[in-house]
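First the structure, in the form of structure tokens, and then the observations on it.
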There are 2 protein chains.
Amino acid sequence: MTAGYEVHVPGHITGFFTPHPADDPLVAGSRGAGITLADAVMVRVSSADRTTVIVDGSELRVPAVDHVLGKLDVTARIEASLSVPLGAGFGVSGALALGTAFGANLLIHGRHAENELVRLAHAADVIAGTGLGDVVAQHRGGAPIRLEPGAPGIGTLDGIPQRRAVEWLSLGDLSTEDVLTGDTTAIEAAGDTALERLRDRPTLDRFMDESAHFAREAALLTDELEEIIETVESAGGRASMAMLGQTVFALDDDLSNGGFEANRHEMGAAGVRILQPKTED
Amino acid sequence: MTAGYEVHVPGHITGFFTPHPADDPLVAGSRGAGITLADAVMVRVSSADRTTVIVDGSELRVPAVDHVLGKLDVTARIEASLSVPLGAGFGVSGALALGTAFGANLLIHGRHAENELVRLAHAADVIAGTGLGDVVAQHRGGAPIRLEPGAPGIGTLDGIPQRRAVEWLSLGDLSTEDVLTGDTTAIEAAGDTALERLRDRPTLDRFMDESAHFAREAALLTDELEEIIETVESAGGRASMAMLGQTVFALDDDLSNGGFEANRHEMGAAGVRILQPKTED
């Protein structure tokens, strides 16, 4: 019986991206940019004879989490609580995989270093088909720019050196897999342009502008989302769509100022935060 | 007149290292491992016609800060407050350089991305002779392992995936330059061994053991520091010396349990935290 380890992982909203599939899940990933949301996902990992995953009180199958535990050869009780919705573009699967990796590593007395745990969680999210770049972004924190796709040691990251509050509202889910198995030509062209323009002026305002431009160019906006974004823009703000979810996000009070009831998070300055009792080597 | 930008940077204590000097300050650096201390250094950067640096109320010359501002072509008023001492092995010069880079970048409307600002601060700390690896470690946060020396794009980092509280007590300063311009053969041999052993078992307990072993092997301990460390060890704890300062550090309550009056910090989960008013592009 152990008290378990509590790991906090930020959520991650991608504003624009280009997908880079590959046979090797460590090489697969995405280029693009996003923002992380502090205190979005809490994962408690404790020792158990058989693995169960409980998210906000309900038992769930989360393939990326099962994959991480299998690779570490650990069975564990995973209890997660979320302050962002599942399947709506917040990278929750990746966060659960990452939190599980950090927590389970402590159950086996710290056998692995951070980069190896991030690699494991990244590969698990890719194999499960639930994310291509959330894990590396969540581990970095802040406003991560994915310069080159892939896990630590393969991909490269930069960041936008600013922090502002994030507002969001969500209308439901959207299947990452459906979008990524369709024709991605428009996504790729729009994503490349957006990344180039952000690197030229790496600010959060430019990030918001490029995200909104990308969402339109890549033809991923539904009418409902488009209407919310236009309302925010009419009120002098900026908003865009979380890739990939039926979610609109904005900085500061831009959604509230547009008349919407929005959720609010600080930007995730930390990558992964671990609370743990004192342990022995 | 601007309100200025407030940037929080963790302190960084190196437990063991090998120095890697080089003509190019981006290539120069160190291998080794350390722990970061949350909320150690606050830097407020505001627009001014001429540069002044005020640390805890006193005007100081901090060459690494001057270098950063010169490179960015910015004059600014820098007001810092510290919760760790200067020159005692906490990487304060590096933290001031890093905080100044992030803050000054916002004064010029966010011209640079994070990695570029970290490169700038790393080079400034190396050129000033005040640090070889603090800046990259402070930007990563947590318990950074410096696998390969140098700035982002050249060096590589990993981390120990655990977080525990840090206690420290300081007896005064020690010149980084004096140690690093002397014979470093013993330091290099001991540092290589410590890094290899930490990578084999990347836990905080192993880090503490290797740090204490390194301090003895590298013959950097003064009698006074040795005595404190032995007292902590007699009480069943672990402690070591901050490289390079007359400072002893420990995890959890190990210094208090040894009977010492110690300062206490959470481990820095975040790299750099920026508080700022809403800005325009």
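Residue numbering restarts at 1 in every chain; chains get A, B, ... in the order shown in the structure tokens, and ligands count up from 1 in that same order.
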
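For chain A, the residues having at least one atom no farther than 6 Å from chain B, when counting only C-alpha atoms, are Gly110, Arg111, Ala113, Glu114, Asn115, Asp158, Gly159, Ile160, Pro161, Arg163, Arg201, Pro202, Thr203, Asp205, Ala269, Ala270, Arg273, Ile274 and Asp281 of chain A.
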
Okay, now the selection with all heavy atoms, as a CSV table (one decimal), in the first residue's frame?
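Writing done, so here's selection-v2.csv:
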chain,number,residue,atom,x,y,z
A,110,GLY,N,12.2,5.3,-9.4
A,110,GLY,CA,13.0,6.2,-10.2
A,110,GLY,C,14.0,5.7,-11.2
A,110,GLY,O,15.1,6.1,-11.2
A,111,ARG,N,13.5,4.7,-12.0
A,111,ARG,CA,14.5,4.0,-12.9
A,111,ARG,C,14.9,4.9,-14.1
A,111,ARG,O,15.9,4.7,-14.7
A,111,ARG,CB,13.9,2.7,-13.3
A,111,ARG,CG,14.9,1.7,-13.6
A,111,ARG,CD,14.3,0.3,-14.0
A,111,ARG,NE,13.6,-0.3,-12.9
A,111,ARG,CZ,12.6,-1.2,-13.0
A,111,ARG,NH1,12.2,-1.6,-14.2
A,111,ARG,NH2,12.0,-1.7,-12.0
A,113,ALA,N,15.0,8.7,-16.4
A,113,ALA,CA,15.2,10.2,-16.4
A,113,ALA,C,14.0,10.8,-17.1
A,113,ALA,O,13.2,10.1,-17.8
A,113,ALA,CB,16.5,10.6,-17.0
A,114,GLU,N,13.9,12.1,-17.0
A,114,GLU,CA,12.7,12.8,-17.6
A,114,GLU,C,12.6,12.6,-19.1
A,114,GLU,O,11.4,12.3,-19.5
A,114,GLU,CB,12.8,14.3,-17.3
A,114,GLU,CG,12.4,14.7,-15.9
A,114,GLU,CD,12.2,16.2,-15.8
A,114,GLU,OE1,12.2,17.0,-16.8
A,114,GLU,OE2,12.2,16.7,-14.6
A,115,ASN,N,13.6,12.8,-19.8
A,115,ASN,CA,13.5,12.7,-21.3
A,115,ASN,C,12.9,11.3,-21.7
A,115,ASN,O,12.1,11.2,-22.6
A,115,ASN,CB,14.8,12.9,-22.0
A,115,ASN,CG,15.3,14.3,-21.8
A,115,ASN,OD1,14.6,15.2,-21.3
A,115,ASN,ND2,16.5,14.6,-22.3
A,158,ASP,N,10.9,25.4,-29.3
A,158,ASP,CA,11.3,26.8,-28.9
A,158,ASP,C,10.0,27.2,-28.1
A,158,ASP,O,9.1,26.4,-27.8
A,158,ASP,CB,11.6,27.7,-30.1
A,158,ASP,CG,12.4,28.9,-29.7
A,158,ASP,OD1,12.4,29.3,-28.5
A,158,ASP,OD2,13.1,29.4,-30.6
A,159,GLY,N,9.9,28.5,-27.7
A,159,GLY,CA,8.8,29.0,-27.0
A,159,GLY,C,8.6,30.5,-27.3
A,159,GLY,O,9.5,31.2,-27.6
A,160,ILE,N,7.3,30.9,-27.1
A,160,ILE,CA,7.0,32.4,-27.1
A,160,ILE,C,7.3,32.9,-25.7
A,160,ILE,O,6.7,32.4,-24.7
A,160,ILE,CB,5.6,32.6,-27.5
A,160,ILE,CG1,5.3,32.0,-28.9
A,160,ILE,CG2,5.2,34.1,-27.5
A,160,ILE,CD1,3.8,31.9,-29.2
A,161,PRO,N,8.2,33.8,-25.5
A,161,PRO,CA,8.6,34.3,-24.2
A,161,PRO,C,7.6,35.3,-23.5
A,161,PRO,O,8.0,36.4,-23.1
A,161,PRO,CB,10.0,34.8,-24.4
A,161,PRO,CG,10.0,35.3,-25.8
A,161,PRO,CD,9.0,34.5,-26.5
A,163,ARG,N,3.7,35.3,-21.1
A,163,ARG,CA,2.6,34.6,-20.4
A,163,ARG,C,1.4,35.5,-20.2
A,163,ARG,O,1.6,36.6,-19.6
A,163,ARG,CB,3.1,34.1,-19.0
A,163,ARG,CG,4.4,33.3,-19.0
A,163,ARG,CD,4.3,31.9,-19.6
A,163,ARG,NE,5.5,31.2,-19.7
A,163,ARG,CZ,6.3,31.1,-20.8
A,163,ARG,NH1,6.0,31.7,-21.9
A,163,ARG,NH2,7.5,30.4,-20.7
A,201,ARG,N,8.1,36.9,-35.7
A,201,ARG,CA,7.6,37.8,-34.6
A,201,ARG,C,7.0,36.9,-33.5
A,201,ARG,O,5.8,36.7,-33.5
A,201,ARG,CB,6.6,38.8,-35.2
A,201,ARG,CG,6.0,39.7,-34.2
A,201,ARG,CD,6.9,40.6,-33.4
A,201,ARG,NE,7.4,41.7,-34.3
A,201,ARG,CZ,8.1,42.7,-33.8
A,201,ARG,NH1,8.4,42.8,-32.5
A,201,ARG,NH2,8.5,43.6,-34.7
A,202,PRO,N,7.9,36.3,-32.7
A,202,PRO,CA,7.4,35.3,-31.7
A,202,PRO,C,6.6,35.9,-30.5
A,202,PRO,O,7.1,35.8,-29.4
A,202,PRO,CB,8.6,34.6,-31.3
A,202,PRO,CG,9.7,35.6,-31.5
A,202,PRO,CD,9.3,36.5,-32.6
A,203,THR,N,5.5,36.5,-30.8
A,203,THR,CA,4.6,37.0,-29.7
A,203,THR,C,3.3,36.3,-29.6
A,203,THR,O,2.9,35.7,-30.6
A,203,THR,CB,4.3,38.5,-29.9
A,203,THR,OG1,3.5,38.7,-31.1
A,203,THR,CG2,5.6,39.3,-30.1
A,205,ASP,N,0.4,37.8,-29.5
A,205,ASP,CA,-0.6,38.4,-30.4
A,205,ASP,C,-0.5,37.8,-31.8
A,205,ASP,O,-1.4,37.5,-32.5
A,205,ASP,CB,-0.4,39.9,-30.4
A,205,ASP,CG,-1.0,40.6,-29.2
A,205,ASP,OD1,-1.9,39.9,-28.5
A,205,ASP,OD2,-0.6,41.7,-28.9
A,269,ALA,N,3.2,27.8,-16.6
A,269,ALA,CA,4.7,28.1,-16.6
A,269,ALA,C,5.5,26.9,-16.4
A,269,ALA,O,6.5,26.7,-17.0
A,269,ALA,CB,4.9,29.1,-15.5
A,270,ALA,N,4.9,26.0,-15.6
A,270,ALA,CA,5.6,24.7,-15.3
A,270,ALA,C,5.4,23.7,-16.4
A,270,ALA,O,4.4,23.8,-17.1
A,270,ALA,CB,5.1,24.2,-14.0
A,273,ARG,N,4.5,19.0,-12.7
A,273,ARG,CA,4.7,19.3,-11.3
A,273,ARG,C,4.4,18.0,-10.5
A,273,ARG,O,3.3,17.4,-10.7
A,273,ARG,CB,3.8,20.4,-10.8
A,273,ARG,CG,4.1,21.0,-9.5
A,273,ARG,CD,3.5,22.5,-9.4
A,273,ARG,NE,2.1,22.5,-9.6
A,273,ARG,CZ,1.2,22.3,-8.7
A,273,ARG,NH1,1.5,22.1,-7.4
A,273,ARG,NH2,-0.1,22.3,-9.0
A,274,ILE,N,5.3,17.6,-9.6
A,274,ILE,CA,5.1,16.4,-8.9
A,274,ILE,C,5.0,16.6,-7.4
A,274,ILE,O,5.9,17.3,-6.9
A,274,ILE,CB,6.3,15.4,-9.2
A,274,ILE,CG1,6.5,15.3,-10.7
A,274,ILE,CG2,6.0,14.0,-8.5
A,274,ILE,CD1,7.9,14.7,-11.0
A,281,ASP,N,15.8,5.8,-2.0
A,281,ASP,CA,16.4,5.3,-3.3
A,281,ASP,C,16.2,3.9,-3.5
A,281,ASP,O,16.2,3.1,-2.6
A,281,ASP,CB,17.9,5.6,-3.2
A,281,ASP,CG,18.5,6.0,-4.6
A,281,ASP,OD1,17.8,5.8,-5.6
A,281,ASP,OD2,19.6,6.6,-4.6

* To do: Apply DSSP to the structure's backbone, then extract all residues of stretch 45-203 of chain A labelled strand (DSSP E or B) and return them as a ChimeraX atom specification.
  => /A:45-47,52-55,58-59,76-82,144-148,152,155-159,166-172

**Shell around A:Ala239 at 6 Å using only C-alpha atoms, local window under 6 positions removed, as a PyMOL selection string** = chain A and resi 229+249-250

Q.
I'd like the contact shell of stretch 45-55 of chain B - 9 Å cut-off, only C-alpha atoms, skipping same-chain residues fewer than 5 positions apart - returned as a list of chain:residue names.
A. B:Met1, B:Thr2, B:Ala3, B:Gly4, B:Tyr5, B:Glu6, B:Val7, B:Leu60, B:Arg61, B:Val62, B:Val65, B:Asp66, B:Leu69, B:Val74, B:Thr75, B:Ala76, B:Arg77, B:Ile78, B:Glu79, B:Ala80, B:Ser81, B:Leu82, B:Gly99, B:Thr100, B:Phe102, B:Gly103, B:Ala104, B:Leu107

Just N, CA, C and O atoms for this one: save the residues we selected as an mmCIF file, in the first residue's frame.
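What follows is the written file selection-v5.cif:
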data_model
loop_
_atom_site.group_PDB
_atom_site.id
_atom_site.type_symbol
_atom_site.label_atom_id
_atom_site.label_comp_id
_atom_site.auth_asym_id
_atom_site.auth_seq_id
_atom_site.Cartn_x
_atom_site.Cartn_y
_atom_site.Cartn_z
ATOM 1 N N MET B 1 6.914 56.065 -20.358
ATOM 2 C CA MET B 1 6.800 55.415 -19.048
ATOM 3 C C MET B 1 6.034 54.087 -19.153
ATOM 4 O O MET B 1 4.904 54.047 -19.601
ATOM 5 N N THR B 2 6.632 53.011 -18.753
ATOM 6 C CA THR B 2 5.898 51.750 -18.738
ATOM 7 C C THR B 2 5.928 51.205 -17.317
ATOM 8 O O THR B 2 6.785 51.556 -16.517
ATOM 9 N N ALA B 3 4.940 50.363 -17.032
ATOM 10 C CA ALA B 3 4.883 49.742 -15.708
ATOM 11 C C ALA B 3 6.015 48.740 -15.552
ATOM 12 O O ALA B 3 6.441 48.449 -14.439
ATOM 13 N N GLY B 4 6.517 48.241 -16.645
ATOM 14 C CA GLY B 4 7.598 47.267 -16.576
ATOM 15 C C GLY B 4 7.081 45.848 -16.529
ATOM 16 O O GLY B 4 5.890 45.605 -16.322
ATOM 17 N N TYR B 5 7.988 44.944 -16.733
ATOM 18 C CA TYR B 5 7.658 43.528 -16.749
ATOM 19 C C TYR B 5 8.358 42.850 -15.588
ATOM 20 O O TYR B 5 9.518 43.116 -15.318
ATOM 21 N N GLU B 6 7.641 41.947 -14.927
ATOM 22 C CA GLU B 6 8.189 41.248 -13.775
ATOM 23 C C GLU B 6 8.467 39.806 -14.177
ATOM 24 O O GLU B 6 7.567 39.109 -14.639
ATOM 25 N N VAL B 7 9.696 39.405 -14.033
ATOM 26 C CA VAL B 7 10.086 38.059 -14.452
ATOM 27 C C VAL B 7 10.656 37.312 -13.245
ATOM 28 O O VAL B 7 11.537 37.834 -12.559
ATOM 29 N N LEU B 60 24.178 48.082 -8.373
ATOM 30 C CA LEU B 60 25.288 47.138 -8.566
ATOM 31 C C LEU B 60 25.688 47.119 -10.033
ATOM 32 O O LEU B 60 24.883 47.422 -10.902
ATOM 33 N N ARG B 61 26.928 46.724 -10.297
ATOM 34 C CA ARG B 61 27.287 46.397 -11.679
ATOM 35 C C ARG B 61 27.221 44.886 -11.827
ATOM 36 O O ARG B 61 27.887 44.153 -11.110
ATOM 37 N N VAL B 62 26.375 44.422 -12.732
ATOM 38 C CA VAL B 62 26.275 42.987 -13.010
ATOM 39 C C VAL B 62 26.629 42.800 -14.480
ATOM 40 O O VAL B 62 25.789 43.008 -15.365
ATOM 41 N N VAL B 65 24.298 41.157 -16.988
ATOM 42 C CA VAL B 65 23.091 41.938 -17.313
ATOM 43 C C VAL B 65 23.427 43.022 -18.338
ATOM 44 O O VAL B 65 22.692 43.216 -19.319
ATOM 45 N N ASP B 66 24.531 43.713 -18.118
ATOM 46 C CA ASP B 66 24.948 44.747 -19.082
ATOM 47 C C ASP B 66 25.131 44.138 -20.473
ATOM 48 O O ASP B 66 24.742 44.730 -21.485
ATOM 49 N N LEU B 69 21.718 43.452 -22.157
ATOM 50 C CA LEU B 69 21.060 44.688 -22.621
ATOM 51 C C LEU B 69 21.789 45.265 -23.831
ATOM 52 O O LEU B 69 21.152 45.761 -24.767
ATOM 53 N N VAL B 74 19.099 47.723 -25.765
ATOM 54 C CA VAL B 74 18.046 48.259 -24.905
ATOM 55 C C VAL B 74 18.720 48.931 -23.703
ATOM 56 O O VAL B 74 19.695 48.408 -23.167
ATOM 57 N N THR B 75 18.233 50.092 -23.303
ATOM 58 C CA THR B 75 18.591 50.610 -21.984
ATOM 59 C C THR B 75 17.366 50.422 -21.097
ATOM 60 O O THR B 75 16.234 50.586 -21.546
ATOM 61 N N ALA B 76 17.597 50.054 -19.849
ATOM 62 C CA ALA B 76 16.460 49.725 -18.987
ATOM 63 C C ALA B 76 16.825 49.896 -17.528
ATOM 64 O O ALA B 76 17.992 49.873 -17.151
ATOM 65 N N ARG B 77 15.793 50.075 -16.723
ATOM 66 C CA ARG B 77 15.969 50.040 -15.282
ATOM 67 C C ARG B 77 15.659 48.615 -14.834
ATOM 68 O O ARG B 77 14.569 48.088 -15.080
ATOM 69 N N ILE B 78 16.651 47.981 -14.190
ATOM 70 C CA ILE B 78 16.503 46.601 -13.720
ATOM 71 C C ILE B 78 16.454 46.641 -12.200
ATOM 72 O O ILE B 78 17.410 47.087 -11.560
ATOM 73 N N GLU B 79 15.326 46.224 -11.634
ATOM 74 C CA GLU B 79 15.222 46.138 -10.173
ATOM 75 C C GLU B 79 15.005 44.686 -9.791
ATOM 76 O O GLU B 79 14.005 44.083 -10.206
ATOM 77 N N ALA B 80 15.936 44.139 -9.040
ATOM 78 C CA ALA B 80 15.826 42.727 -8.685
ATOM 79 C C ALA B 80 15.659 42.562 -7.189
ATOM 80 O O ALA B 80 16.189 43.347 -6.402
ATOM 81 N N SER B 81 14.890 41.548 -6.801
ATOM 82 C CA SER B 81 14.911 41.180 -5.384
ATOM 83 C C SER B 81 15.206 39.693 -5.288
ATOM 84 O O SER B 81 14.714 38.885 -6.060
ATOM 85 N N LEU B 82 16.055 39.367 -4.325
ATOM 86 C CA LEU B 82 16.590 38.014 -4.201
ATOM 87 C C LEU B 82 16.135 37.375 -2.897
ATOM 88 O O LEU B 82 16.093 38.028 -1.864
ATOM 89 N N GLY B 99 16.411 36.788 -16.568
ATOM 90 C CA GLY B 99 15.237 37.627 -16.313
ATOM 91 C C GLY B 99 15.289 38.918 -17.108
ATOM 92 O O GLY B 99 14.275 39.373 -17.653
ATOM 93 N N THR B 100 16.477 39.500 -17.190
ATOM 94 C CA THR B 100 16.647 40.730 -17.971
ATOM 95 C C THR B 100 16.351 40.468 -19.451
ATOM 96 O O THR B 100 15.685 41.267 -20.110
ATOM 97 N N PHE B 102 14.379 38.163 -20.832
ATOM 98 C CA PHE B 102 12.943 37.978 -21.056
ATOM 99 C C PHE B 102 12.187 39.298 -20.923
ATOM 100 O O PHE B 102 11.274 39.582 -21.699
ATOM 101 N N GLY B 103 12.551 40.084 -19.921
ATOM 102 C CA GLY B 103 11.859 41.357 -19.721
ATOM 103 C C GLY B 103 12.174 42.363 -20.805
ATOM 104 O O GLY B 103 11.274 43.020 -21.341
ATOM 105 N N ALA B 104 13.463 42.495 -21.148
ATOM 106 C CA ALA B 104 13.865 43.489 -22.148
ATOM 107 C C ALA B 104 13.280 43.149 -23.520
ATOM 108 O O ALA B 104 12.946 44.039 -24.301
ATOM 109 N N LEU B 107 10.125 44.807 -23.912
ATOM 110 C CA LEU B 107 10.250 46.257 -24.172
ATOM 111 C C LEU B 107 10.447 46.523 -25.672
ATOM 112 O O LEU B 107 10.103 47.599 -26.144
#

Using only C-alpha atoms, which residues sit within 9 Å of A:Thr18 once same-chain residues fewer than 4 positions away are excluded, as a list in words? Gly29, Ser30, Arg31, Gly32, Thr184, Ile187, Glu188, Ala189, Ala190, Gly191 and Asp192 of chain A

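Counting only C-alpha atoms, B:Ala95 has the following residues at most 8 Å away, ignoring those fewer than 2 positions along the same chain: B:Val9, B:Pro10, B:Gly11, B:Val41, B:Gly91, B:Val92, B:Ser93, B:Ala97, B:Leu98, B:Gly99, B:Asp134, B:Val135, B:Gln138.
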
Dump all heavy atoms for the selected residues as a JSON list (two decimals), in the first residue's frame?
[["chain", "number", "residue", "atom", "x", "y", "z"],
["B", 9, "VAL", "N", 12.69, 34.03, -11.88],
["B", 9, "VAL", "CA", 13.62, 33.02, -12.35],
["B", 9, "VAL", "C", 14.05, 32.18, -11.15],
["B", 9, "VAL", "O", 14.33, 32.75, -10.08],
["B", 9, "VAL", "CB", 14.86, 33.66, -13.02],
["B", 9, "VAL", "CG1", 15.80, 32.61, -13.58],
["B", 9, "VAL", "CG2", 14.45, 34.65, -14.11],
["B", 10, "PRO", "N", 14.11, 30.87, -11.29],
["B", 10, "PRO", "CA", 14.57, 30.07, -10.16],
["B", 10, "PRO", "C", 16.06, 30.23, -9.90],
["B", 10, "PRO", "O", 16.83, 30.58, -10.81],
["B", 10, "PRO", "CB", 14.25, 28.63, -10.58],
["B", 10, "PRO", "CG", 14.09, 28.64, -12.05],
["B", 10, "PRO", "CD", 13.68, 30.04, -12.43],
["B", 11, "GLY", "N", 16.48, 29.99, -8.67],
["B", 11, "GLY", "CA", 17.89, 29.82, -8.40],
["B", 11, "GLY", "C", 18.33, 28.44, -8.85],
["B", 11, "GLY", "O", 17.49, 27.58, -9.14],
["B", 41, "VAL", "N", 14.64, 34.58, -7.56],
["B", 41, "VAL", "CA", 15.06, 35.85, -8.13],
["B", 41, "VAL", "C", 13.90, 36.49, -8.89],
["B", 41, "VAL", "O", 13.30, 35.87, -9.77],
["B", 41, "VAL", "CB", 16.26, 35.65, -9.09],
["B", 41, "VAL", "CG1", 16.66, 36.97, -9.75],
["B", 41, "VAL", "CG2", 17.45, 35.04, -8.36],
["B", 91, "GLY", "N", 23.59, 30.72, -8.64],
["B", 91, "GLY", "CA", 23.41, 31.13, -10.04],
["B", 91, "GLY", "C", 22.67, 32.44, -10.19],
["B", 91, "GLY", "O", 21.92, 32.63, -11.15],
["B", 92, "VAL", "N", 22.86, 33.36, -9.24],
["B", 92, "VAL", "CA", 22.11, 34.62, -9.27],
["B", 92, "VAL", "C", 22.46, 35.46, -10.51],
["B", 92, "VAL", "O", 21.58, 36.05, -11.14],
["B", 92, "VAL", "CB", 22.29, 35.42, -7.97],
["B", 92, "VAL", "CG1", 21.72, 36.83, -8.10],
["B", 92, "VAL", "CG2", 21.64, 34.70, -6.80],
["B", 93, "SER", "N", 23.74, 35.50, -10.89],
["B", 93, "SER", "CA", 24.12, 36.27, -12.07],
["B", 93, "SER", "C", 23.37, 35.76, -13.31],
["B", 93, "SER", "O", 22.85, 36.55, -14.10],
["B", 93, "SER", "CB", 25.62, 36.15, -12.37],
["B", 93, "SER", "OG", 26.36, 36.50, -11.25],
["B", 97, "ALA", "N", 20.60, 37.71, -15.61],
["B", 97, "ALA", "CA", 20.77, 37.82, -17.06],
["B", 97, "ALA", "C", 19.54, 37.27, -17.79],
["B", 97, "ALA", "O", 19.03, 37.87, -18.73],
["B", 97, "ALA", "CB", 22.03, 37.08, -17.51],
["B", 98, "LEU", "N", 19.05, 36.12, -17.32],
["B", 98, "LEU", "CA", 17.90, 35.48, -17.97],
["B", 98, "LEU", "C", 16.63, 36.31, -17.79],
["B", 98, "LEU", "O", 15.87, 36.54, -18.74],
["B", 98, "LEU", "CB", 17.73, 34.08, -17.37],
["B", 98, "LEU", "CG", 16.76, 33.10, -18.03],
["B", 98, "LEU", "CD1", 17.06, 32.92, -19.51],
["B", 98, "LEU", "CD2", 16.82, 31.74, -17.32],
["B", 99, "GLY", "N", 16.41, 36.79, -16.57],
["B", 99, "GLY", "CA", 15.24, 37.63, -16.31],
["B", 99, "GLY", "C", 15.29, 38.92, -17.11],
["B", 99, "GLY", "O", 14.28, 39.37, -17.65],
["B", 134, "ASP", "N", 24.33, 27.59, -15.35],
["B", 134, "ASP", "CA", 23.15, 27.95, -14.57],
["B", 134, "ASP", "C", 21.97, 28.36, -15.45],
["B", 134, "ASP", "O", 20.83, 28.00, -15.19],
["B", 134, "ASP", "CB", 23.47, 29.11, -13.62],
["B", 134, "ASP", "CG", 24.41, 28.69, -12.50],
["B", 134, "ASP", "OD1", 24.22, 27.59, -11.95],
["B", 134, "ASP", "OD2", 25.34, 29.45, -12.18],
["B", 135, "VAL", "N", 22.25, 29.13, -16.50],
["B", 135, "VAL", "CA", 21.16, 29.70, -17.30],
["B", 135, "VAL", "C", 20.30, 28.62, -17.96],
["B", 135, "VAL", "O", 19.08, 28.64, -17.87],
["B", 135, "VAL", "CB", 21.71, 30.69, -18.34],
["B", 135, "VAL", "CG1", 20.63, 31.08, -19.34],
["B", 135, "VAL", "CG2", 22.25, 31.94, -17.65],
["B", 138, "GLN", "N", 18.30, 26.90, -15.25],
["B", 138, "GLN", "CA", 17.21, 27.73, -14.74],
["B", 138, "GLN", "C", 16.05, 27.78, -15.72],
["B", 138, "GLN", "O", 14.89, 27.82, -15.33],
["B", 138, "GLN", "CB", 17.73, 29.14, -14.44],
["B", 138, "GLN", "CG", 18.55, 29.16, -13.16],
["B", 138, "GLN", "CD", 19.52, 30.31, -13.08],
["B", 138, "GLN", "OE1", 19.91, 30.90, -14.09],
["B", 138, "GLN", "NE2", 19.95, 30.62, -11.87]]

* Asked: Quick one: residues within 12 Å of B:Val27, only C-alpha atoms counted, chain neighbours fewer than 5 positions away excluded, as a PyMOL selection string?
  -> chain B and resi 19-22+119+122-123+126-127+132-133+148-156

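Here atom CA of A:Gly15 is placed at a distance of 4.7 Å from atom CA of A:Ser211.
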
Exercise for the section: From a DSSP calculation on the backbone, collect every residue of stretch 182-279 of chain A in alpha helix (DSSP H) and output the set as a ChimeraX atom specification. Expected result: /A:185-200,204-217,223-234,254-257

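The interatomic distance for the pair atom CA of A:Glu266 and atom CA of A:Met42 works out to 15.4 Å.
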